[in-house]
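Have a look at protein.csv; it's CSV, C-alpha atoms:
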```
chain,number,residue,atom,x,y,z
A,7,MET,CA,-9.3,-18.4,-28.6
A,8,SER,CA,-6.1,-19.1,-26.8
A,9,GLY,CA,-2.9,-18.1,-28.3
A,10,GLU,CA,-1.8,-21.7,-28.8
A,11,ALA,CA,0.7,-22.1,-31.5
A,12,LYS,CA,-0.5,-24.2,-34.3
A,13,ALA,CA,2.5,-25.4,-36.4
A,14,VAL,CA,1.6,-26.5,-39.8
A,15,ARG,CA,3.6,-29.6,-40.3
A,16,LYS,CA,4.8,-29.9,-43.8
A,17,GLY,CA,5.2,-33.4,-45.1
A,18,ASN,CA,8.8,-34.6,-45.0
A,19,GLY,CA,8.6,-35.8,-48.6
A,20,TRP,CA,10.3,-38.9,-49.9
A,21,ARG,CA,14.0,-38.6,-49.4
A,22,LEU,CA,16.4,-41.2,-50.8
A,23,SER,CA,19.6,-42.1,-49.0
A,24,LEU,CA,23.0,-41.5,-50.6
A,25,ASP,CA,23.3,-45.3,-51.1
A,26,ALA,CA,19.9,-45.4,-52.9
A,27,TRP,CA,20.9,-42.5,-55.1
A,28,ALA,CA,24.2,-44.2,-56.0
A,29,VAL,CA,22.3,-47.4,-56.9
A,30,LEU,CA,19.8,-45.5,-59.0
A,31,VAL,CA,22.4,-43.5,-60.9
A,32,ALA,CA,24.5,-46.6,-61.5
A,33,PHE,CA,21.5,-48.5,-62.9
A,34,LEU,CA,20.6,-45.6,-65.1
A,35,ALA,CA,24.1,-45.5,-66.5
A,36,ALA,CA,24.0,-49.3,-67.0
A,37,LEU,CA,20.7,-49.0,-68.9
A,38,LEU,CA,22.1,-46.3,-71.1
A,39,VAL,CA,25.0,-48.6,-72.0
A,40,ARG,CA,22.7,-51.6,-72.4
A,41,PHE,CA,20.4,-49.8,-74.8
A,42,GLY,CA,23.2,-48.2,-76.8
A,43,ILE,CA,22.9,-44.6,-75.8
A,44,PHE,CA,26.5,-44.8,-74.5
A,45,LYS,CA,28.1,-47.1,-77.0
A,46,HIS,CA,31.7,-46.8,-76.0
A,47,VAL,CA,33.1,-45.5,-72.7
A,48,PRO,CA,36.8,-44.7,-73.1
A,49,TRP,CA,39.4,-45.1,-70.4
B,19,MET,CA,-9.0,-12.3,-37.3
B,20,SER,CA,-7.2,-15.5,-36.9
B,21,ASP,CA,-5.5,-16.5,-33.6
B,22,VAL,CA,-3.3,-19.0,-35.3
B,23,ILE,CA,0.4,-18.1,-34.8
B,24,THR,CA,2.3,-18.9,-37.9
B,25,VAL,CA,5.7,-20.4,-37.2
B,26,PRO,CA,8.2,-18.9,-39.5
B,27,GLN,CA,9.6,-21.6,-41.7
B,28,VAL,CA,13.1,-21.9,-42.8
B,29,ARG,CA,13.1,-21.6,-46.6
B,30,PRO,CA,14.3,-25.0,-48.0
B,31,VAL,CA,17.2,-24.9,-50.3
B,32,GLN,CA,16.0,-25.3,-53.9
B,33,PRO,CA,17.0,-28.6,-55.5
B,34,ALA,CA,18.6,-26.7,-58.4
B,35,LEU,CA,20.7,-24.6,-56.0
B,36,ARG,CA,21.7,-27.8,-54.1
B,37,PHE,CA,22.8,-29.3,-57.3
B,38,LEU,CA,24.8,-26.2,-58.3
B,39,ARG,CA,26.6,-26.2,-54.9
B,40,VAL,CA,27.9,-29.7,-55.7
B,41,VAL,CA,29.3,-28.8,-59.2
B,42,PRO,CA,32.6,-26.9,-58.3
B,43,GLY,CA,33.7,-29.8,-56.0
B,44,VAL,CA,32.8,-32.5,-58.5
B,45,ILE,CA,34.8,-30.6,-61.1
B,46,LEU,CA,37.7,-30.4,-58.7
B,47,LEU,CA,37.5,-34.2,-58.1
B,48,ALA,CA,37.4,-34.8,-61.8
B,49,ALA,CA,40.3,-32.4,-62.5
B,50,ILE,CA,42.5,-34.0,-59.8
B,51,GLY,CA,41.6,-37.5,-60.9
B,52,TYR,CA,42.3,-36.8,-64.5
B,53,ALA,CA,45.5,-35.1,-63.7
B,54,GLY,CA,46.5,-38.3,-61.9
B,55,LYS,CA,45.7,-40.3,-65.0
B,56,LEU,CA,47.7,-37.9,-67.2
B,57,LEU,CA,50.6,-38.1,-64.7
B,58,GLU,CA,50.5,-41.9,-64.8
B,59,GLN,CA,50.7,-41.9,-68.6
B,60,ASN,CA,53.3,-39.1,-69.0
B,61,VAL,CA,55.7,-39.4,-66.1
B,62,GLY,CA,56.5,-43.1,-67.0
B,63,ALA,CA,56.9,-42.3,-70.7
B,64,TYR,CA,59.1,-39.3,-69.9
B,65,ALA,CA,61.3,-41.3,-67.6
B,66,LYS,CA,61.6,-44.0,-70.1
B,67,ALA,CA,62.5,-41.6,-72.9
B,68,HIS,CA,65.3,-40.1,-70.7
B,69,HIS,CA,66.5,-43.6,-69.6
B,70,TRP,CA,65.6,-42.8,-66.0
B,71,THR,CA,64.8,-45.5,-63.5
B,72,PHE,CA,61.4,-44.5,-62.2
B,73,PRO,CA,58.7,-46.8,-60.7
B,74,ASN,CA,55.4,-47.0,-62.5
B,75,ILE,CA,53.1,-45.0,-60.3
B,76,GLU,CA,49.4,-45.7,-60.9
B,77,TYR,CA,46.8,-43.0,-61.3
B,78,VAL,CA,45.3,-44.1,-58.0
B,79,LEU,CA,48.3,-43.0,-56.1
B,80,TRP,CA,48.8,-39.8,-58.1
B,81,ALA,CA,45.2,-38.8,-57.5
B,82,ILE,CA,45.4,-39.5,-53.8
B,83,VAL,CA,48.8,-37.7,-53.5
B,84,LEU,CA,47.6,-34.6,-55.4
B,85,GLY,CA,44.5,-34.4,-53.2
B,86,LEU,CA,46.6,-34.8,-50.0
B,87,VAL,CA,49.0,-32.0,-51.1
B,88,ILE,CA,46.1,-29.6,-51.8
B,89,SER,CA,44.3,-30.5,-48.6
B,90,ASN,CA,47.4,-30.2,-46.4
B,91,THR,CA,48.9,-27.0,-48.0
B,92,VAL,CA,46.4,-24.5,-49.4
B,93,GLY,CA,43.4,-26.4,-48.0
B,94,VAL,CA,40.1,-27.0,-49.7
B,95,PRO,CA,38.2,-23.7,-50.2
B,96,GLU,CA,34.6,-23.6,-48.9
B,97,ILE,CA,33.1,-23.5,-52.4
B,98,PHE,CA,34.4,-26.9,-53.3
B,99,ARG,CA,33.6,-28.7,-50.0
B,100,THR,CA,30.0,-29.8,-50.8
B,101,GLY,CA,31.1,-31.3,-54.1
B,102,VAL,CA,34.2,-33.0,-52.6
B,103,ALA,CA,32.0,-34.7,-50.1
B,104,THR,CA,30.3,-36.5,-53.0
B,105,TYR,CA,33.3,-38.9,-53.3
B,106,GLU,CA,31.3,-41.5,-51.3
B,107,PHE,CA,28.5,-41.3,-53.8
B,108,TRP,CA,31.0,-42.0,-56.6
B,109,LEU,CA,32.5,-44.8,-54.6
B,110,LYS,CA,29.1,-46.5,-54.2
B,111,ALA,CA,28.0,-46.0,-57.8
B,112,GLY,CA,31.4,-47.4,-58.9
B,113,ILE,CA,31.0,-50.5,-56.7
B,114,VAL,CA,27.5,-51.1,-58.1
B,115,LEU,CA,28.9,-50.9,-61.7
B,116,LEU,CA,31.8,-53.1,-60.8
B,117,GLY,CA,29.2,-55.8,-60.1
B,118,SER,CA,29.0,-56.3,-63.9
B,119,ARG,CA,32.5,-57.9,-63.8
B,120,PHE,CA,31.4,-60.6,-61.4
B,121,LEU,CA,29.5,-63.6,-62.3
B,122,LEU,CA,27.0,-64.7,-59.6
B,123,GLY,CA,28.8,-68.1,-59.2
B,124,ASP,CA,32.1,-66.3,-58.4
B,125,ILE,CA,30.3,-64.1,-55.9
B,126,LEU,CA,28.7,-67.1,-54.2
B,127,LYS,CA,32.0,-69.0,-54.1
B,128,LEU,CA,34.2,-66.1,-53.0
B,129,GLY,CA,31.5,-64.5,-51.0
B,130,GLY,CA,31.0,-67.7,-49.0
B,131,ILE,CA,34.7,-67.9,-48.2
B,132,SER,CA,34.9,-64.2,-47.4
B,133,LEU,CA,31.8,-64.4,-45.3
B,134,VAL,CA,33.5,-66.9,-43.0
B,135,LEU,CA,36.7,-64.9,-42.9
B,136,VAL,CA,34.8,-61.6,-42.3
B,137,ALA,CA,32.9,-63.3,-39.4
B,138,VAL,CA,36.2,-64.3,-37.8
B,139,GLU,CA,37.7,-60.9,-38.5
B,140,ILE,CA,34.8,-59.0,-37.0
B,141,THR,CA,34.7,-61.1,-33.8
B,142,GLY,CA,38.4,-61.1,-33.3
B,143,SER,CA,38.7,-57.3,-34.0
B,144,ILE,CA,35.9,-56.3,-31.7
B,145,ALA,CA,37.2,-58.5,-28.9
B,146,PHE,CA,40.8,-57.2,-29.2
B,147,MET,CA,39.8,-53.5,-29.6
B,148,THR,CA,37.6,-53.8,-26.5
B,149,PHE,CA,40.5,-55.3,-24.5
B,150,LEU,CA,42.8,-52.5,-25.8
B,151,GLY,CA,40.3,-49.8,-25.0
B,152,ARG,CA,40.0,-51.1,-21.4
B,153,LEU,CA,43.8,-51.4,-21.1
B,154,PHE,CA,44.3,-47.7,-22.2
B,155,ARG,CA,41.3,-46.7,-20.0
B,156,LEU,CA,39.4,-45.1,-22.9
B,157,LYS,CA,35.8,-44.2,-22.3
B,158,PRO,CA,33.6,-47.3,-22.9
B,159,LYS,CA,31.5,-45.7,-25.7
B,160,LEU,CA,34.7,-44.4,-27.4
B,161,THR,CA,36.0,-48.0,-27.2
B,162,SER,CA,32.8,-49.3,-28.8
B,163,LEU,CA,33.1,-46.8,-31.7
B,164,LEU,CA,36.8,-47.6,-32.3
B,165,ALA,CA,36.0,-51.3,-32.2
B,166,VAL,CA,33.1,-51.0,-34.7
B,167,GLY,CA,35.2,-48.7,-36.9
B,168,SER,CA,38.1,-51.1,-37.2
B,169,ALA,CA,36.1,-54.3,-37.3
B,170,VAL,CA,33.4,-53.4,-39.8
B,171,CYS,CA,33.6,-50.4,-42.1
B,172,GLY,CA,35.3,-47.3,-40.8
B,173,VAL,CA,33.4,-44.0,-40.8
B,174,SER,CA,30.0,-45.3,-41.9
B,175,ALA,CA,30.0,-47.8,-39.1
B,176,ILE,CA,31.1,-45.2,-36.5
B,177,ILE,CA,28.3,-42.8,-37.6
B,178,ALA,CA,25.7,-45.6,-37.5
B,179,THR,CA,26.8,-46.8,-34.1
B,180,LYS,CA,27.0,-43.3,-32.7
B,181,GLY,CA,23.3,-42.7,-33.3
B,182,ALA,CA,22.4,-46.2,-32.0
B,183,ILE,CA,24.4,-46.1,-28.7
B,184,GLU,CA,24.0,-42.3,-28.1
B,185,ALA,CA,27.7,-41.6,-28.0
B,186,ASP,CA,29.1,-38.1,-27.6
B,187,ASP,CA,30.1,-36.1,-30.7
B,188,GLU,CA,33.6,-35.8,-29.2
B,189,ASP,CA,33.9,-39.6,-29.1
B,190,SER,CA,32.8,-40.0,-32.6
B,191,SER,CA,35.2,-37.3,-33.9
B,192,PHE,CA,38.1,-39.0,-32.1
B,193,SER,CA,37.2,-42.4,-33.6
B,194,ILE,CA,36.6,-41.0,-37.1
B,195,ALA,CA,40.0,-39.1,-37.0
B,196,ALA,CA,41.8,-42.2,-35.8
B,197,ILE,CA,40.2,-44.5,-38.4
B,198,LEU,CA,40.8,-41.9,-41.2
B,199,ALA,CA,44.5,-41.4,-40.3
B,200,LEU,CA,45.1,-45.1,-40.1
B,201,GLY,CA,43.3,-45.7,-43.4
B,202,ALA,CA,45.6,-43.1,-45.0
B,203,LEU,CA,48.6,-45.0,-43.6
B,204,ALA,CA,47.2,-48.3,-44.8
B,205,LEU,CA,47.0,-47.0,-48.4
B,206,PHE,CA,50.8,-46.7,-48.5
B,207,THR,CA,51.8,-49.6,-46.3
B,208,PHE,CA,49.6,-52.4,-47.5
B,209,PRO,CA,50.8,-52.5,-51.2
B,210,LEU,CA,54.4,-52.3,-50.0
B,211,ILE,CA,53.9,-55.2,-47.6
B,212,GLY,CA,52.0,-57.1,-50.2
B,213,HIS,CA,54.9,-56.8,-52.7
B,214,VAL,CA,57.5,-57.6,-50.0
B,215,LEU,CA,55.7,-60.8,-49.1
B,216,HIS,CA,55.0,-61.6,-52.8
B,217,LEU,CA,51.3,-62.0,-52.1
B,218,SER,CA,49.2,-63.3,-55.0
B,219,ASP,CA,46.4,-60.9,-56.3
B,220,ARG,CA,43.9,-63.1,-54.5
B,221,ALA,CA,45.6,-63.2,-51.2
B,222,TYR,CA,46.3,-59.5,-51.3
B,223,GLY,CA,42.8,-58.6,-52.3
B,224,LEU,CA,41.3,-60.7,-49.5
B,225,TRP,CA,43.7,-59.2,-47.0
B,226,ALA,CA,43.0,-55.5,-48.1
B,227,GLY,CA,39.3,-56.2,-48.0
B,228,LEU,CA,39.5,-57.7,-44.6
B,229,ALA,CA,41.9,-55.3,-42.9
B,230,VAL,CA,41.6,-51.8,-44.4
B,231,ASP,CA,38.7,-50.0,-42.7
B,232,ASN,CA,37.1,-47.5,-45.0
B,233,THR,CA,35.6,-48.8,-48.3
B,234,ALA,CA,37.3,-46.0,-50.3
B,235,GLU,CA,40.7,-46.8,-48.8
B,236,ALA,CA,40.2,-50.6,-49.2
B,237,THR,CA,39.3,-50.0,-52.9
B,238,ALA,CA,42.3,-47.8,-53.4
B,239,ALA,CA,44.7,-50.1,-51.6
B,240,GLY,CA,43.4,-53.0,-53.8
B,241,ALA,CA,43.7,-50.8,-57.0
B,242,LEU,CA,47.3,-49.9,-56.0
B,243,TYR,CA,48.3,-53.6,-56.2
B,244,SER,CA,46.4,-54.8,-59.3
B,245,ASP,CA,43.1,-54.8,-61.0
B,246,ALA,CA,42.3,-58.4,-59.9
B,247,ALA,CA,43.3,-57.5,-56.3
B,248,SER,CA,41.0,-54.5,-56.4
B,249,LYS,CA,38.0,-56.5,-57.6
B,250,LEU,CA,38.5,-59.0,-54.7
B,251,ALA,CA,39.1,-56.2,-52.1
B,252,VAL,CA,35.8,-54.6,-53.1
B,253,LEU,CA,33.9,-57.9,-52.8
B,254,VAL,CA,35.3,-58.7,-49.4
B,255,LYS,CA,34.9,-55.1,-48.2
B,256,SER,CA,31.3,-55.2,-49.4
B,257,THR,CA,30.7,-58.4,-47.4
B,258,ARG,CA,32.1,-56.6,-44.3
B,259,ASN,CA,29.8,-53.6,-45.0
B,260,ALA,CA,26.8,-56.0,-45.2
B,261,MET,CA,27.5,-57.0,-41.6
B,262,ILE,CA,27.2,-53.4,-40.3
B,263,GLY,CA,23.5,-53.7,-39.3
B,264,PHE,CA,24.1,-56.8,-37.2
B,265,VAL,CA,27.1,-55.3,-35.3
B,266,VAL,CA,25.4,-52.0,-34.7
B,267,LEU,CA,22.3,-53.8,-33.5
B,268,ALA,CA,24.3,-55.9,-31.1
B,269,TYR,CA,26.0,-52.7,-29.7
B,270,ALA,CA,22.6,-50.9,-29.4
B,271,ILE,CA,21.1,-53.8,-27.5
B,272,TYR,CA,24.2,-54.0,-25.2
B,273,TRP,CA,24.1,-50.3,-24.4
B,274,ALA,CA,20.3,-50.3,-24.0
B,275,SER,CA,20.6,-53.2,-21.5
B,276,ARG,CA,22.9,-51.0,-19.4
B,277,GLY,CA,20.4,-48.1,-19.5
B,278,GLN,CA,22.7,-45.9,-21.6
B,279,ALA,CA,20.8,-46.0,-24.9
B,280,GLN,CA,17.3,-46.3,-26.2
B,281,SER,CA,16.0,-49.9,-26.8
B,282,VAL,CA,15.6,-51.0,-30.3
B,283,GLY,CA,11.9,-51.6,-31.3
B,284,ASN,CA,11.6,-53.3,-34.6
B,285,LYS,CA,14.9,-55.2,-35.1
B,286,ALA,CA,14.1,-56.1,-38.8
B,287,ALA,CA,13.4,-52.5,-39.6
B,288,PHE,CA,16.6,-51.5,-37.8
B,289,LEU,CA,18.7,-54.0,-39.8
B,290,TRP,CA,17.1,-52.8,-43.1
B,291,GLN,CA,17.7,-49.2,-42.2
B,292,LYS,CA,21.4,-49.8,-41.5
B,293,PHE,CA,22.0,-52.2,-44.4
B,294,PRO,CA,24.2,-50.7,-47.2
B,295,LYS,CA,21.8,-50.6,-50.2
B,296,PHE,CA,24.7,-50.4,-52.7
B,297,VAL,CA,25.6,-54.0,-51.8
B,298,LEU,CA,22.2,-55.0,-53.2
B,299,GLY,CA,22.8,-52.9,-56.3
B,300,PHE,CA,26.2,-54.7,-56.8
B,301,LEU,CA,24.5,-58.1,-56.5
B,302,LEU,CA,21.7,-57.2,-58.9
B,303,ILE,CA,24.1,-55.9,-61.6
B,304,SER,CA,26.1,-59.1,-61.3
B,305,VAL,CA,22.9,-61.2,-61.7
B,306,LEU,CA,22.1,-59.2,-64.9
B,307,ALA,CA,25.7,-59.8,-66.1
B,308,THR,CA,25.5,-63.5,-65.3
B,309,TYR,CA,22.3,-63.9,-67.4
B,310,HIS,CA,23.9,-62.0,-70.3
B,311,PHE,CA,21.8,-58.9,-70.1
B,312,PHE,CA,25.0,-57.1,-71.1
B,313,ASN,CA,27.2,-58.2,-74.0
B,314,LYS,CA,31.0,-58.3,-73.7
B,315,GLU,CA,31.5,-54.7,-75.0
B,316,GLN,CA,28.9,-53.4,-72.7
B,317,VAL,CA,30.5,-55.1,-69.7
B,318,GLY,CA,33.8,-53.4,-70.8
B,319,ALA,CA,32.0,-50.0,-71.0
B,320,LEU,CA,30.4,-50.5,-67.5
B,321,ALA,CA,33.9,-51.4,-66.1
B,322,ASN,CA,35.3,-48.2,-67.5
B,323,LEU,CA,32.4,-46.2,-66.0
B,324,SER,CA,33.2,-47.8,-62.7
B,325,ARG,CA,36.9,-46.8,-63.1
B,326,TRP,CA,35.9,-43.1,-63.7
B,327,ALA,CA,33.7,-43.2,-60.6
B,328,PHE,CA,36.6,-44.6,-58.6
B,329,LEU,CA,38.9,-41.9,-60.1
B,330,LEU,CA,36.7,-39.2,-58.5
B,331,THR,CA,36.6,-41.2,-55.2
B,332,PHE,CA,40.4,-41.5,-55.0
B,333,ALA,CA,40.8,-37.7,-55.5
B,334,GLY,CA,38.3,-37.2,-52.7
B,335,VAL,CA,40.2,-39.6,-50.4
B,336,GLY,CA,43.2,-37.3,-50.7
B,337,LEU,CA,41.3,-34.1,-50.4
B,338,ARG,CA,39.4,-35.0,-47.2
B,339,THR,CA,42.6,-36.2,-45.4
B,340,ASN,CA,43.9,-33.4,-43.4
B,341,PHE,CA,46.7,-34.4,-41.0
B,342,ARG,CA,46.6,-31.1,-39.0
B,343,GLU,CA,42.9,-31.7,-38.1
B,344,MET,CA,43.7,-35.3,-37.2
B,345,ARG,CA,46.5,-34.3,-34.9
B,346,LYS,CA,44.2,-32.0,-33.0
B,347,GLN,CA,42.1,-35.0,-31.9
B,348,GLY,CA,44.7,-36.3,-29.4
B,349,LEU,CA,47.1,-39.2,-29.2
B,350,ARG,CA,45.4,-41.9,-27.1
B,351,PRO,CA,42.5,-42.9,-29.3
B,352,PHE,CA,45.0,-42.9,-32.2
B,353,ALA,CA,47.5,-45.1,-30.3
B,354,VAL,CA,44.7,-47.6,-29.5
B,355,GLY,CA,43.6,-47.5,-33.1
B,356,ALA,CA,47.1,-47.9,-34.4
B,357,ILE,CA,48.0,-50.8,-32.2
B,358,GLY,CA,44.6,-52.4,-32.9
B,359,GLU,CA,45.1,-52.0,-36.7
B,360,VAL,CA,48.6,-53.5,-36.7
B,361,VAL,CA,47.3,-56.6,-34.7
B,362,ILE,CA,44.2,-56.9,-37.0
B,363,ALA,CA,46.4,-56.6,-40.1
B,364,VAL,CA,48.7,-59.4,-38.8
B,365,PHE,CA,45.7,-61.5,-37.7
B,366,THR,CA,43.9,-61.1,-41.1
B,367,LEU,CA,47.1,-61.9,-42.9
B,368,GLY,CA,47.2,-65.1,-40.9
B,369,LEU,CA,43.6,-65.8,-41.8
B,370,VAL,CA,44.2,-65.3,-45.5
B,371,ALA,CA,47.3,-67.6,-45.4
B,372,GLY,CA,45.3,-70.2,-43.5
B,373,ALA,CA,42.4,-70.0,-46.1
B,374,GLY,CA,45.0,-70.2,-48.9
B,375,LYS,CA,46.4,-73.5,-47.5
B,376,LEU,CA,42.9,-74.9,-46.9
B,377,PHE,CA,41.7,-74.1,-50.4
B,378,GLY,CA,45.0,-74.7,-52.1
B,379,TRP,CA,45.5,-71.2,-53.6
```

Take the structure in the file and give it back as C-alpha cells.
Amino acid sequence: MSGEAKAVRKGNGWRLSLDAWAVLVAFLAALLVRFGIFKHVPW
Amino acid sequence: MSDVITVPQVRPVQPALRFLRVVPGVILLAAIGYAGKLLEQNVGAYAKAHHWTFPNIEYVLWAIVLGLVISNTVGVPEIFRTGVATYEFWLKAGIVLLGSRFLLGDILKLGGISLVLVAVEITGSIAFMTFLGRLFRLKPKLTSLLAVGSAVCGVSAIIATKGAIEADDEDSSFSIAAILALGALALFTFPLIGHVLHLSDRAYGLWAGLAVDNTAEATAAGALYSDAASKLAVLVKSTRNAMIGFVVLAYAIYWASRGQAQSVGNKAAFLWQKFPKFVLGFLLISVLATYHFFNKEQVGALANLSRWAFLLTFAGVGLRTNFREMRKQGLRPFAVGAIGEVVIAVFTLGLVAGAGKLFGW
C-alpha cells in the first residue's frame, strides 16, 4: 500500500459565537431573576 | 502492519483550562470596575465633607481612567489578557439585559426614526470616508476598512469586512488602531460637547449612538451623559450594528467584481452569519418585558445586572487602550480617520437637530 497520508478528520463540533454565548448567558440570568433564584440584584 | 500515517494532532485546550485562563482577567475587570464605583461614591462625599468644589465623576469615567492608567503605565500582564478580552462578551450580555427596560412600542417608534437616521449616516459616512481616502492616497482596501469602521460599528465591522474583501493584516491593524484611538477621544469629547450645547438626553443619546464607532465606547459615552441618554445611545448603536451584514456584503460584492476578493455564494447565509445575534436577544427580552413576563422588581434587577455587565465593559475599554501601540501604526490613517470622524460628528449632530425639529422634541 502506498504511503498516502490518511488524516483522520475530527468533527469540528458545535461552536457558539461570542454573540450567541452572550445572549444565552443573559437569558439564563433573566430566567434566574424571573423564577426567583436571584430575588434582588443590588447596585 | 498498517500503512496509515497518523497525523500528529494538536491537543485541544480543555474547556476547564480555557475557563480558568479567563478568570484572572475577569477578576481584574471586576476589581477596576468596582474601584470606579467606590471612587464615584467616596470622592464626591469626601469633597463635599471638606467643602471642596469637585465635579461629580461617574463610575464609568473612573473605571475607564483606571484601566487607561494601568494599560499605559505598567501594562496588562499576560495572565490577565484572555480575561480582559471578555469585555465584549459583557457588553453584549449587558445590552441584551438592557432590552428589559424597553417596551416594544418604544423600540418600534425610536427604532424607526433611528433606522432612517442610521441609513443616512452610513451612506454619508461611507461616501465621505471614501473621498477622504482617495484624497490622502490611502490604499483602496484600507480606505474601505476605515469607511466601514467609521460608518457602521468600529472594530467588529472592520474584522468582518477584512475577511470578506481579503484585505491585508496591516490594513486592518491600521484601521482598528485609528478607530480605537478616535473612540477613546470621543469618550471624553462627546459628553463635554453635549453639555456645552445643552443637548437633551434624547438628542445626545441619538447623537452618541450615531457618531461614536465602537459599541462599548458609544455605551460609555451615553452613560457619561445620563442614564436616559445611555439607553438611547445603545438602541441607536444596535440599529447601526444590525446594518453590518448589508454593508459588508456590498463591499464584498464590489471587491469581487474587481477580481480582488472571492464572490459571495449564498447571500442570505452571508447576511445571517454577519448579523449581530445580541440584537435579536435585546429585541426578545424587550418583547418579554412588554408582555409582562417580568414584574417591576424583576425589571429593576435585570437593569442592575446590565449595569454590572457594563461596569466590566468600561474597565475593559480602558485596559485595552494603549496609546503607545496606536502611535506605532502611523499618522496618515489616523489623520483620515480623525478628519472623517469630526465631519461625521458634525453631520450627525445636524441630522439629530433636523430630526428634533421635524418631530418636535

At a cut-off of 9 Å, can you tabulate as JSON lines every residue of chain B near chain A together with its closest atom pair and the distance in Å to one decimal, using only C-alpha atoms and ordering rows by chain then number?
```
{"residue": "B:Asp21", "atom": "CA", "partner": "A:Gly9", "partner_atom": "CA", "distance": 6.1}
{"residue": "B:Val22", "atom": "CA", "partner": "A:Lys12", "partner_atom": "CA", "distance": 6.0}
{"residue": "B:Ile23", "atom": "CA", "partner": "A:Ala11", "partner_atom": "CA", "distance": 5.2}
{"residue": "B:Thr24", "atom": "CA", "partner": "A:Ala13", "partner_atom": "CA", "distance": 6.7}
{"residue": "B:Val25", "atom": "CA", "partner": "A:Ala13", "partner_atom": "CA", "distance": 6.0}
{"residue": "B:Glu106", "atom": "CA", "partner": "A:Leu24", "partner_atom": "CA", "distance": 8.3}
{"residue": "B:Phe107", "atom": "CA", "partner": "A:Ala28", "partner_atom": "CA", "distance": 5.6}
{"residue": "B:Trp108", "atom": "CA", "partner": "A:Ala28", "partner_atom": "CA", "distance": 7.2}
{"residue": "B:Leu109", "atom": "CA", "partner": "A:Ala28", "partner_atom": "CA", "distance": 8.4}
{"residue": "B:Lys110", "atom": "CA", "partner": "A:Ala28", "partner_atom": "CA", "distance": 5.7}
{"residue": "B:Ala111", "atom": "CA", "partner": "A:Ala28", "partner_atom": "CA", "distance": 4.6}
{"residue": "B:Gly112", "atom": "CA", "partner": "A:Ala32", "partner_atom": "CA", "distance": 7.4}
{"residue": "B:Ile113", "atom": "CA", "partner": "A:Ala32", "partner_atom": "CA", "distance": 9.0}
{"residue": "B:Val114", "atom": "CA", "partner": "A:Ala32", "partner_atom": "CA", "distance": 6.4}
{"residue": "B:Leu115", "atom": "CA", "partner": "A:Ala32", "partner_atom": "CA", "distance": 6.2}
{"residue": "B:Pro294", "atom": "CA", "partner": "A:Asp25", "partner_atom": "CA", "distance": 6.7}
{"residue": "B:Lys295", "atom": "CA", "partner": "A:Asp25", "partner_atom": "CA", "distance": 5.6}
{"residue": "B:Phe296", "atom": "CA", "partner": "A:Asp25", "partner_atom": "CA", "distance": 5.5}
{"residue": "B:Val297", "atom": "CA", "partner": "A:Val29", "partner_atom": "CA", "distance": 9.0}
{"residue": "B:Leu298", "atom": "CA", "partner": "A:Val29", "partner_atom": "CA", "distance": 8.5}
{"residue": "B:Gly299", "atom": "CA", "partner": "A:Val29", "partner_atom": "CA", "distance": 5.6}
{"residue": "B:Phe300", "atom": "CA", "partner": "A:Val29", "partner_atom": "CA", "distance": 8.3}
{"residue": "B:Ile303", "atom": "CA", "partner": "A:Phe33", "partner_atom": "CA", "distance": 8.0}
{"residue": "B:Phe311", "atom": "CA", "partner": "A:Arg40", "partner_atom": "CA", "distance": 7.7}
{"residue": "B:Phe312", "atom": "CA", "partner": "A:Arg40", "partner_atom": "CA", "distance": 6.1}
{"residue": "B:Asn313", "atom": "CA", "partner": "A:Arg40", "partner_atom": "CA", "distance": 8.1}
{"residue": "B:Glu315", "atom": "CA", "partner": "A:His46", "partner_atom": "CA", "distance": 8.0}
{"residue": "B:Gln316", "atom": "CA", "partner": "A:Val39", "partner_atom": "CA", "distance": 6.2}
{"residue": "B:Val317", "atom": "CA", "partner": "A:Val39", "partner_atom": "CA", "distance": 8.8}
{"residue": "B:Gly318", "atom": "CA", "partner": "A:Val47", "partner_atom": "CA", "distance": 8.2}
{"residue": "B:Ala319", "atom": "CA", "partner": "A:Val47", "partner_atom": "CA", "distance": 4.9}
{"residue": "B:Leu320", "atom": "CA", "partner": "A:Ala36", "partner_atom": "CA", "distance": 6.5}
{"residue": "B:Ala321", "atom": "CA", "partner": "A:Val47", "partner_atom": "CA", "distance": 8.9}
{"residue": "B:Asn322", "atom": "CA", "partner": "A:Trp49", "partner_atom": "CA", "distance": 5.9}
{"residue": "B:Leu323", "atom": "CA", "partner": "A:Val47", "partner_atom": "CA", "distance": 6.8}
{"residue": "B:Ser324", "atom": "CA", "partner": "A:Ala32", "partner_atom": "CA", "distance": 8.9}
{"residue": "B:Arg325", "atom": "CA", "partner": "A:Trp49", "partner_atom": "CA", "distance": 7.9}
{"residue": "B:Trp326", "atom": "CA", "partner": "A:Trp49", "partner_atom": "CA", "distance": 7.8}
```

>> Please list as a ChimeraX atom specification every residue within 10 Å of Thr161 (chain B), counting all atoms listed in the file and excluding residues in the same chain fewer than 3 positions away.
In response: /B:144,147-152,154-158,164-167,189,193,351,354-355

For those residues, write C-alpha atoms to a file as a tab-separated table (two decimals), keeping the file's coordinate frame.
```
chain	number	residue	atom	x	y	z
B	144	ILE	CA	35.90	-56.30	-31.70
B	147	MET	CA	39.80	-53.50	-29.60
B	148	THR	CA	37.60	-53.80	-26.50
B	149	PHE	CA	40.50	-55.30	-24.50
B	150	LEU	CA	42.80	-52.50	-25.80
B	151	GLY	CA	40.30	-49.80	-25.00
B	152	ARG	CA	40.00	-51.10	-21.40
B	154	PHE	CA	44.30	-47.70	-22.20
B	155	ARG	CA	41.30	-46.70	-20.00
B	156	LEU	CA	39.40	-45.10	-22.90
B	157	LYS	CA	35.80	-44.20	-22.30
B	158	PRO	CA	33.60	-47.30	-22.90
B	164	LEU	CA	36.80	-47.60	-32.30
B	165	ALA	CA	36.00	-51.30	-32.20
B	166	VAL	CA	33.10	-51.00	-34.70
B	167	GLY	CA	35.20	-48.70	-36.90
B	189	ASP	CA	33.90	-39.60	-29.10
B	193	SER	CA	37.20	-42.40	-33.60
B	351	PRO	CA	42.50	-42.90	-29.30
B	354	VAL	CA	44.70	-47.60	-29.50
B	355	GLY	CA	43.60	-47.50	-33.10
```

> Please, what distance in Å, to one decimal, runs between CA of Trp273 (chain B) and CA of Leu160 (chain B)?
Replying inline: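 Answer for the CA of Trp273 (chain B) to CA of Leu160 (chain B) separation: 12.5 Å.
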